[in-house]
Amino acid sequence: QVQLVESGGGLVQAGGSLRLSCVTSGTIFSFNRMAWYRQTPGKPRELVAAVTVSGSTNYADSVKGRFAISRGNVKNTVYLQMDSLKPEDTAVYYCNAAVGGADYWGQGTQVTVSS
């Protein structure tokens, strides 16, 4: 059984920073890809940033230059450093991990950016 647990969300003023963490547990040796998605009410979940096992990254255009995804030294952990936050970044952020065609999700962490 695989579990993903996010932390680090909260309330921050526009221009501020937050760092999200995702810790996984279970029987997967190494995920091929780990990512952060976000979702607001009434909208589909969207990719924010992803990183592969080789270290390749990709970002949504809306967060390029402001957010940075990284894999931790501890196996199967991933972080999202979010700087220069905007009110439109307000959403529930979900950690995602993929291996062998299977996708795993965390329960989500709320990020709220006030103007």
# chains A, B, ... in the order shown; residues from 1 in each chain; ligands from 1

call {"tool": "closest_atom_pairs", "arguments": {"of": "range 51-81 of chain A", "to": "range 27-32 of chain A", "cutoff": "7 Å", "atoms": "only C-alpha atoms", "output": "JSON lines"}}
result
{"residue": "A:Thr52", "atom": "CA", "partner": "A:Asn32", "partner_atom": "CA", "distance": 5.7}
{"residue": "A:Val53", "atom": "CA", "partner": "A:Asn32", "partner_atom": "CA", "distance": 5.1}
{"residue": "A:Asn76", "atom": "CA", "partner": "A:Ser30", "partner_atom": "CA", "distance": 6.3}

call {"tool": "residues_around", "arguments": {"residues": "Lys64 in chain A", "least_positions_apart": "3", "cutoff": "12 Å", "atoms": "only C-alpha atoms", "output": "PDB file with N, CA and C atoms, in the first residue's frame"}}
result
ATOM      1  N   VAL A  48       0.896  21.512 -11.917  1.00  0.00           N
ATOM      2  CA  VAL A  48       1.682  22.690 -11.530  1.00  0.00           C
ATOM      3  C   VAL A  48       3.144  22.488 -11.893  1.00  0.00           C
ATOM      4  N   ALA A  49       3.684  21.349 -11.471  1.00  0.00           N
ATOM      5  CA  ALA A  49       5.096  21.069 -11.725  1.00  0.00           C
ATOM      6  C   ALA A  49       5.333  19.577 -11.583  1.00  0.00           C
ATOM      7  N   ALA A  50       6.323  19.069 -12.316  1.00  0.00           N
ATOM      8  CA  ALA A  50       6.653  17.650 -12.257  1.00  0.00           C
ATOM      9  C   ALA A  50       8.155  17.472 -12.355  1.00  0.00           C
ATOM     10  N   THR A  57      12.487  18.486 -15.226  1.00  0.00           N
ATOM     11  CA  THR A  57      11.336  19.167 -14.646  1.00  0.00           C
ATOM     12  C   THR A  57      10.506  19.856 -15.715  1.00  0.00           C
ATOM     13  N   ASN A  58       9.243  20.065 -15.427  1.00  0.00           N
ATOM     14  CA  ASN A  58       8.416  20.909 -16.274  1.00  0.00           C
ATOM     15  C   ASN A  58       7.396  21.619 -15.384  1.00  0.00           C
ATOM     16  N   TYR A  59       6.985  22.791 -15.834  1.00  0.00           N
ATOM     17  CA  TYR A  59       6.122  23.669 -15.044  1.00  0.00           C
ATOM     18  C   TYR A  59       4.982  24.206 -15.886  1.00  0.00           C
ATOM     19  N   ALA A  60       3.879  24.475 -15.217  1.00  0.00           N
ATOM     20  CA  ALA A  60       2.811  25.220 -15.860  1.00  0.00           C
ATOM     21  C   ALA A  60       3.325  26.624 -16.161  1.00  0.00           C
ATOM     22  N   ASP A  61       2.881  27.175 -17.273  1.00  0.00           N
ATOM     23  CA  ASP A  61       3.344  28.516 -17.652  1.00  0.00           C
ATOM     24  C   ASP A  61       3.057  29.538 -16.560  1.00  0.00           C
ATOM     25  N   PHE A  67       7.859  29.115  -8.993  1.00  0.00           N
ATOM     26  CA  PHE A  67       7.810  27.860  -8.255  1.00  0.00           C
ATOM     27  C   PHE A  67       9.002  26.986  -8.665  1.00  0.00           C
ATOM     28  N   ALA A  68       9.429  26.143  -7.729  1.00  0.00           N
ATOM     29  CA  ALA A  68      10.511  25.202  -8.026  1.00  0.00           C
ATOM     30  C   ALA A  68      10.204  23.862  -7.378  1.00  0.00           C
ATOM     31  N   ILE A  69      10.248  22.814  -8.177  1.00  0.00           N
ATOM     32  CA  ILE A  69      10.008  21.471  -7.668  1.00  0.00           C
ATOM     33  C   ILE A  69      11.350  20.773  -7.483  1.00  0.00           C
ATOM     34  N   GLN A  81       8.691  24.601  -3.778  1.00  0.00           N
ATOM     35  CA  GLN A  81       8.961  25.928  -3.249  1.00  0.00           C
ATOM     36  C   GLN A  81       8.166  26.934  -4.056  1.00  0.00           C
ATOM     37  N   MET A  82       7.319  27.682  -3.393  1.00  0.00           N
ATOM     38  CA  MET A  82       6.446  28.639  -4.073  1.00  0.00           C
ATOM     39  C   MET A  82       6.782  30.044  -3.588  1.00  0.00           C
ATOM     40  N   ASP A  83       7.270  30.860  -4.483  1.00  0.00           N
ATOM     41  CA  ASP A  83       7.628  32.243  -4.177  1.00  0.00           C
ATOM     42  C   ASP A  83       6.750  33.202  -4.978  1.00  0.00           C
ATOM     43  N   SER A  84       6.745  34.440  -4.556  1.00  0.00           N
ATOM     44  CA  SER A  84       5.959  35.478  -5.249  1.00  0.00           C
ATOM     45  C   SER A  84       4.525  35.015  -5.481  1.00  0.00           C
ATOM     46  N   LEU A  85       3.932  34.502  -4.445  1.00  0.00           N
ATOM     47  CA  LEU A  85       2.584  33.933  -4.567  1.00  0.00           C
ATOM     48  C   LEU A  85       1.570  35.005  -4.920  1.00  0.00           C
TER      49      LEU A  85
END

call {"tool": "closest_residue", "arguments": {"among": "A:Val63, A:Leu80, A:Val111, A:Cys22", "to": "Val92 in chain A", "atoms": "only C-alpha atoms"}}
result
A:Val111

call {"tool": "residues_around", "arguments": {"residues": "Trp105 in chain A", "least_positions_apart": "6", "cutoff": "9 Å", "atoms": "only C-alpha atoms", "output": "PDB file with C-alpha atoms, in the first residue's frame"}}
result
ATOM      1  CA  GLN A   3       0.523   6.600   0.919  1.00  0.00           C
ATOM      2  CA  LEU A   4       1.381  10.183   0.077  1.00  0.00           C
ATOM      3  CA  VAL A   5       1.149  12.846   2.768  1.00  0.00           C
ATOM      4  CA  TYR A  94      -2.076  17.560  -4.442  1.00  0.00           C
ATOM      5  CA  CYS A  95       1.036  15.442  -4.553  1.00  0.00           C
ATOM      6  CA  ASN A  96       1.152  12.811  -7.290  1.00  0.00           C
ATOM      7  CA  ALA A  97       3.533   9.909  -7.806  1.00  0.00           C
TER       8      ALA A  97
END

call {"tool": "residues_around", "arguments": {"residues": "Asp89 in chain A", "least_positions_apart": "5", "cutoff": "12 Å", "atoms": "only C-alpha atoms", "output": "PyMOL selection string"}}
result
chain A and resi 9-18+37-40+46+48+60+62-63+66-67+82-84+110-115

call {"tool": "atom_distance", "arguments": {"atom1": "CA of Val23 in chain A", "atom2": "CA of Gly65 in chain A"}}
result
24.4 Å

call {"tool": "select_by_dssp", "arguments": {"residues": "chain A", "states": "strand (DSSP E)", "output": "count of residues only"}}
result
64

call {"tool": "atom_distance", "arguments": {"atom1": "CA of Gly42 in chain A", "atom2": "CA of Gln107 in chain A"}}
result
17.8 Å

call {"tool": "atom_distance", "arguments": {"atom1": "CA of Arg71 in chain A", "atom2": "CA of Ser25 in chain A"}}
result
14.7 Å

call {"tool": "closest_residue", "arguments": {"among": "A:Leu20, A:Gly26, A:Asp103, A:Ala91", "to": "Lys43 in chain A", "atoms": "only C-alpha atoms"}}
result
A:Ala91

call {"tool": "closest_residue", "arguments": {"among": "A:Tyr93, A:Glu88, A:Thr24, A:Gly101", "to": "Leu47 in chain A", "atoms": "only C-alpha atoms"}}
result
A:Tyr93

call {"tool": "select_by_dssp", "arguments": {"residues": "chain A", "states": "helix (DSSP H, G or I)", "output": "VMD selection string"}}
result
chain A and resid 61 to 63 87 to 89
